[in-house]
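Reproduced below: structure.pdb, with PDB, C-alpha atoms.
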```pdb
ATOM      1  CA  MET Y 135     193.219 189.766 138.289  1.00  0.00           C
ATOM      2  CA  GLU Y 136     189.561 190.029 137.368  1.00  0.00           C
ATOM      3  CA  LYS Y 137     188.745 189.682 133.683  1.00  0.00           C
ATOM      4  CA  THR Y 138     186.678 192.653 132.536  1.00  0.00           C
ATOM      5  CA  VAL Y 139     184.371 192.895 129.558  1.00  0.00           C
ATOM      6  CA  LEU Y 140     183.164 196.028 127.777  1.00  0.00           C
ATOM      7  CA  ILE Y 141     179.541 195.654 126.650  1.00  0.00           C
ATOM      8  CA  CYS Y 142     178.556 197.506 123.507  1.00  0.00           C
ATOM      9  CA  ASP Y 143     174.919 197.314 122.378  1.00  0.00           C
ATOM     10  CA  ASP Y 144     172.424 200.048 121.525  1.00  0.00           C
ATOM     11  CA  ASN Y 145     169.681 198.145 123.363  1.00  0.00           C
ATOM     12  CA  ALA Y 146     169.745 198.857 127.128  1.00  0.00           C
ATOM     13  CA  PHE Y 147     167.867 195.614 127.875  1.00  0.00           C
ATOM     14  CA  MET Y 148     170.509 193.558 125.999  1.00  0.00           C
ATOM     15  CA  ARG Y 149     173.267 195.337 127.940  1.00  0.00           C
ATOM     16  CA  MET Y 150     171.482 194.493 131.195  1.00  0.00           C
ATOM     17  CA  ILE Y 151     171.180 190.803 130.225  1.00  0.00           C
ATOM     18  CA  LEU Y 152     174.856 190.624 129.265  1.00  0.00           C
ATOM     19  CA  LYS Y 153     175.958 192.422 132.438  1.00  0.00           C
ATOM     20  CA  ASP Y 154     173.966 189.909 134.499  1.00  0.00           C
ATOM     21  CA  ILE Y 155     175.545 186.952 132.644  1.00  0.00           C
ATOM     22  CA  LEU Y 156     179.028 188.397 133.198  1.00  0.00           C
ATOM     23  CA  LYS Y 157     178.466 189.065 136.891  1.00  0.00           C
ATOM     24  CA  LYS Y 158     177.079 185.557 137.547  1.00  0.00           C
ATOM     25  CA  ASN Y 159     180.136 184.038 135.856  1.00  0.00           C
ATOM     26  CA  GLY Y 160     182.878 185.995 137.609  1.00  0.00           C
ATOM     27  CA  PHE Y 161     183.598 188.680 135.017  1.00  0.00           C
ATOM     28  CA  GLY Y 162     183.705 192.397 135.724  1.00  0.00           C
ATOM     29  CA  CYS Y 163     181.934 194.924 133.527  1.00  0.00           C
ATOM     30  CA  ALA Y 164     184.394 197.436 132.052  1.00  0.00           C
ATOM     31  CA  GLY Y 165     181.571 199.706 130.970  1.00  0.00           C
ATOM     32  CA  GLU Y 166     178.516 199.888 128.756  1.00  0.00           C
ATOM     33  CA  ALA Y 167     178.495 201.632 125.398  1.00  0.00           C
ATOM     34  CA  ALA Y 168     175.372 202.367 123.341  1.00  0.00           C
ATOM     35  CA  ASP Y 169     177.223 202.820 120.046  1.00  0.00           C
ATOM     36  CA  GLY Y 170     180.581 202.159 118.417  1.00  0.00           C
ATOM     37  CA  LYS Y 171     181.925 205.650 119.098  1.00  0.00           C
ATOM     38  CA  GLN Y 172     181.325 205.246 122.848  1.00  0.00           C
ATOM     39  CA  ALA Y 173     182.889 201.773 122.670  1.00  0.00           C
ATOM     40  CA  LEU Y 174     186.104 203.210 121.205  1.00  0.00           C
ATOM     41  CA  GLU Y 175     186.319 205.864 123.917  1.00  0.00           C
ATOM     42  CA  MET Y 176     185.642 203.346 126.696  1.00  0.00           C
ATOM     43  CA  TYR Y 177     188.093 200.832 125.241  1.00  0.00           C
ATOM     44  CA  GLU Y 178     190.915 203.373 125.365  1.00  0.00           C
ATOM     45  CA  VAL Y 179     190.138 204.454 128.925  1.00  0.00           C
ATOM     46  CA  ASN Y 180     189.130 201.126 130.539  1.00  0.00           C
ATOM     47  CA  LYS Y 181     191.410 198.651 128.691  1.00  0.00           C
ATOM     48  CA  PRO Y 182     189.000 195.690 129.058  1.00  0.00           C
ATOM     49  CA  SER Y 183     190.078 192.049 128.761  1.00  0.00           C
ATOM     50  CA  ALA Y 184     187.428 191.572 126.060  1.00  0.00           C
ATOM     51  CA  VAL Y 185     184.623 193.387 124.240  1.00  0.00           C
ATOM     52  CA  LEU Y 186     181.130 192.139 123.396  1.00  0.00           C
ATOM     53  CA  MET Y 187     180.181 194.212 120.342  1.00  0.00           C
ATOM     54  CA  ASP Y 188     176.777 194.411 118.692  1.00  0.00           C
ATOM     55  CA  ILE Y 189     176.998 194.700 114.898  1.00  0.00           C
ATOM     56  CA  THR Y 190     174.048 196.997 114.202  1.00  0.00           C
ATOM     57  CA  MET Y 191     174.174 200.290 116.125  1.00  0.00           C
ATOM     58  CA  PRO Y 192     173.644 204.009 115.478  1.00  0.00           C
ATOM     59  CA  VAL Y 193     176.455 206.603 115.191  1.00  0.00           C
ATOM     60  CA  MET Y 194     179.137 203.970 114.415  1.00  0.00           C
ATOM     61  CA  ASP Y 195     178.306 200.328 113.737  1.00  0.00           C
ATOM     62  CA  GLY Y 196     180.077 197.441 115.408  1.00  0.00           C
ATOM     63  CA  ILE Y 197     182.171 196.480 112.388  1.00  0.00           C
ATOM     64  CA  GLU Y 198     183.638 199.983 112.058  1.00  0.00           C
ATOM     65  CA  ALA Y 199     184.262 200.104 115.838  1.00  0.00           C
ATOM     66  CA  LEU Y 200     185.904 196.651 115.653  1.00  0.00           C
ATOM     67  CA  LYS Y 201     188.238 197.813 112.858  1.00  0.00           C
ATOM     68  CA  ARG Y 202     189.213 200.928 114.817  1.00  0.00           C
ATOM     69  CA  ILE Y 203     189.799 198.985 118.052  1.00  0.00           C
ATOM     70  CA  MET Y 204     191.961 196.460 116.162  1.00  0.00           C
ATOM     71  CA  ALA Y 205     193.933 199.352 114.613  1.00  0.00           C
ATOM     72  CA  MET Y 206     194.460 200.773 118.112  1.00  0.00           C
ATOM     73  CA  ASP Y 207     195.298 197.409 119.740  1.00  0.00           C
ATOM     74  CA  LYS Y 208     196.142 194.464 117.488  1.00  0.00           C
ATOM     75  CA  ASN Y 209     195.756 192.111 120.494  1.00  0.00           C
ATOM     76  CA  ALA Y 210     192.220 193.263 121.311  1.00  0.00           C
ATOM     77  CA  ILE Y 211     189.693 190.520 121.983  1.00  0.00           C
ATOM     78  CA  VAL Y 212     186.381 191.446 120.397  1.00  0.00           C
ATOM     79  CA  ILE Y 213     183.402 189.089 120.221  1.00  0.00           C
ATOM     80  CA  MET Y 214     180.628 190.187 117.897  1.00  0.00           C
ATOM     81  CA  CYS Y 215     176.931 189.854 118.694  1.00  0.00           C
ATOM     82  CA  SER Y 216     174.472 189.499 115.860  1.00  0.00           C
ATOM     83  CA  ALA Y 217     170.895 188.660 115.123  1.00  0.00           C
ATOM     84  CA  MET Y 218     170.189 185.755 112.800  1.00  0.00           C
ATOM     85  CA  GLY Y 219     170.467 186.602 109.121  1.00  0.00           C
ATOM     86  CA  GLN Y 220     173.595 188.754 109.397  1.00  0.00           C
ATOM     87  CA  GLN Y 221     176.000 186.117 108.036  1.00  0.00           C
ATOM     88  CA  GLN Y 222     177.773 188.516 105.661  1.00  0.00           C
ATOM     89  CA  MET Y 223     178.420 190.957 108.504  1.00  0.00           C
ATOM     90  CA  VAL Y 224     179.640 188.119 110.741  1.00  0.00           C
ATOM     91  CA  ILE Y 225     182.105 187.041 108.027  1.00  0.00           C
ATOM     92  CA  GLU Y 226     183.328 190.635 107.619  1.00  0.00           C
ATOM     93  CA  SER Y 227     183.733 190.886 111.407  1.00  0.00           C
ATOM     94  CA  LEU Y 228     185.819 187.713 111.606  1.00  0.00           C
ATOM     95  CA  GLU Y 229     187.958 188.882 108.677  1.00  0.00           C
ATOM     96  CA  SER Y 230     188.439 192.209 110.499  1.00  0.00           C
ATOM     97  CA  GLY Y 231     189.799 190.575 113.640  1.00  0.00           C
ATOM     98  CA  ALA Y 232     186.822 189.478 115.758  1.00  0.00           C
ATOM     99  CA  LYS Y 233     187.646 186.353 117.755  1.00  0.00           C
ATOM    100  CA  ASP Y 234     184.127 184.887 117.744  1.00  0.00           C
ATOM    101  CA  PHE Y 235     180.475 185.767 117.443  1.00  0.00           C
ATOM    102  CA  ILE Y 236     177.381 185.011 119.454  1.00  0.00           C
ATOM    103  CA  VAL Y 237     173.829 185.071 118.181  1.00  0.00           C
ATOM    104  CA  LYS Y 238     170.920 186.896 119.786  1.00  0.00           C
ATOM    105  CA  PRO Y 239     168.903 186.082 121.775  1.00  0.00           C
ATOM    106  CA  PHE Y 240     171.812 185.289 124.078  1.00  0.00           C
ATOM    107  CA  GLN Y 241     172.313 181.943 125.751  1.00  0.00           C
ATOM    108  CA  ALA Y 242     174.342 182.497 128.903  1.00  0.00           C
ATOM    109  CA  ASP Y 243     176.526 179.403 128.473  1.00  0.00           C
ATOM    110  CA  ARG Y 244     177.401 180.379 124.880  1.00  0.00           C
ATOM    111  CA  VAL Y 245     178.376 183.920 125.975  1.00  0.00           C
ATOM    112  CA  VAL Y 246     180.626 182.577 128.748  1.00  0.00           C
ATOM    113  CA  GLU Y 247     182.105 179.906 126.453  1.00  0.00           C
ATOM    114  CA  ALA Y 248     182.951 182.507 123.774  1.00  0.00           C
ATOM    115  CA  ILE Y 249     184.636 184.827 126.301  1.00  0.00           C
ATOM    116  CA  ASN Y 250     186.609 182.046 127.990  1.00  0.00           C
ATOM    117  CA  LYS Y 251     187.734 180.601 124.656  1.00  0.00           C
ATOM    118  CA  ALA Y 252     188.828 184.004 123.354  1.00  0.00           C
ATOM    119  CA  LEU Y 253     190.731 184.832 126.560  1.00  0.00           C
ATOM    120  CA  SER Y 254     192.575 181.498 126.756  1.00  0.00           C
TER     121      SER Y 254
END
```

In structure tokens, write the structure found in this file.
Amino acid sequence: MEKTVLICDDNAFMRMILKDILKKNGFGCAGEAADGKQALEMYEVNKPSAVLMDITMPVMDGIEALKRIMAMDKNAIVIMCSAMGQQQMVIESLESGAKDFIVKPFQADRVVEAINKALS
């Protein structure tokens, strides 16, 4: 069965980059969300294998969305995406159930490594 990943980032260009990385590495895209609220809705409907979640977004930030997804599904696999200098938010994410984090700008091999490690 194909592993699917929900992409959640408020930047359309970042979503496009991530979608391209996923496609080239054999993952399906379970949807694209521009904020945490959309991510929650898509998670419930699409039941992805994993989620790539940006920390800083409008409407609902990634940490709040992560907490709500984990409350909904304690086995959820969420990998946080952050810019440099967000160490405190990364720590809070990991304490809230995130499996890993990747730093922007994305390096394709690091994205794939994080997803594979979290899914294994």

What's the 9 Å shell around segment 239-253 of chain Y, counting all atoms listed in the file, without same-chain residues fewer than 4 positions away, as a JSON list (two decimals) with C-alpha atoms, in the coordinates of the input?
```
[["chain", "number", "residue", "atom", "x", "y", "z"],
["Y", 137, "LYS", "CA", 188.74, 189.68, 133.68],
["Y", 139, "VAL", "CA", 184.37, 192.90, 129.56],
["Y", 148, "MET", "CA", 170.51, 193.56, 126.00],
["Y", 151, "ILE", "CA", 171.18, 190.80, 130.22],
["Y", 152, "LEU", "CA", 174.86, 190.62, 129.26],
["Y", 155, "ILE", "CA", 175.54, 186.95, 132.64],
["Y", 156, "LEU", "CA", 179.03, 188.40, 133.20],
["Y", 159, "ASN", "CA", 180.14, 184.04, 135.86],
["Y", 183, "SER", "CA", 190.08, 192.05, 128.76],
["Y", 184, "ALA", "CA", 187.43, 191.57, 126.06],
["Y", 185, "VAL", "CA", 184.62, 193.39, 124.24],
["Y", 186, "LEU", "CA", 181.13, 192.14, 123.40],
["Y", 211, "ILE", "CA", 189.69, 190.52, 121.98],
["Y", 212, "VAL", "CA", 186.38, 191.45, 120.40],
["Y", 213, "ILE", "CA", 183.40, 189.09, 120.22],
["Y", 215, "CYS", "CA", 176.93, 189.85, 118.69],
["Y", 216, "SER", "CA", 174.47, 189.50, 115.86],
["Y", 217, "ALA", "CA", 170.90, 188.66, 115.12],
["Y", 233, "LYS", "CA", 187.65, 186.35, 117.76],
["Y", 234, "ASP", "CA", 184.13, 184.89, 117.74],
["Y", 235, "PHE", "CA", 180.48, 185.77, 117.44]]
```

Grab the atom CA of Lys153 of chain Y to atom CA of Ala167 of chain Y distance for me, in Å with one decimal place.
->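 A separation of 11.9 Å between them.
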
Gap from atom CA of Met150 of chain Y to atom CA of Glu166 of chain Y - Å, one decimal |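 The value is 9.2 Å.
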
Would you write out, as a PDB file with C-alpha atoms, keeping the file's coordinate frame, every residue that the PyMOL selection byres ((chain Y and resi 180) around 10) captures in this file?
```pdb
ATOM      1  CA  THR Y 138     186.678 192.653 132.536  1.00  0.00           C
ATOM      2  CA  VAL Y 139     184.371 192.895 129.558  1.00  0.00           C
ATOM      3  CA  LEU Y 140     183.164 196.028 127.777  1.00  0.00           C
ATOM      4  CA  CYS Y 163     181.934 194.924 133.527  1.00  0.00           C
ATOM      5  CA  ALA Y 164     184.394 197.436 132.052  1.00  0.00           C
ATOM      6  CA  GLY Y 165     181.571 199.706 130.970  1.00  0.00           C
ATOM      7  CA  GLU Y 175     186.319 205.864 123.917  1.00  0.00           C
ATOM      8  CA  MET Y 176     185.642 203.346 126.696  1.00  0.00           C
ATOM      9  CA  TYR Y 177     188.093 200.832 125.241  1.00  0.00           C
ATOM     10  CA  GLU Y 178     190.915 203.373 125.365  1.00  0.00           C
ATOM     11  CA  VAL Y 179     190.138 204.454 128.925  1.00  0.00           C
ATOM     12  CA  LYS Y 181     191.410 198.651 128.691  1.00  0.00           C
ATOM     13  CA  PRO Y 182     189.000 195.690 129.058  1.00  0.00           C
ATOM     14  CA  SER Y 183     190.078 192.049 128.761  1.00  0.00           C
TER      15      SER Y 183
END
```

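With only C-alpha atoms as the atoms that count, the residue of Y:Met214, Y:Ile203, Y:Phe161, Y:Glu226 with the shortest distance to Asp143 of chain Y is Y:Met214.
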
Expected selection from the PyMOL selection byres ((chain Y and resi 199) around 9), given as number ranges by chain | Y: 169-171, 173-174, 187, 194-198, 200-204

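Interatomic distance, atom CA of Pro192 of chain Y against atom CA of Val224 of chain Y: 17.6 Å.
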
Which of these, Y:Ile189, Y:Ala168, Y:Ala146, Y:Ile141, has the shortest distance to Gln222 of chain Y once you count all atoms listed in the file?
-> Y:Ile189
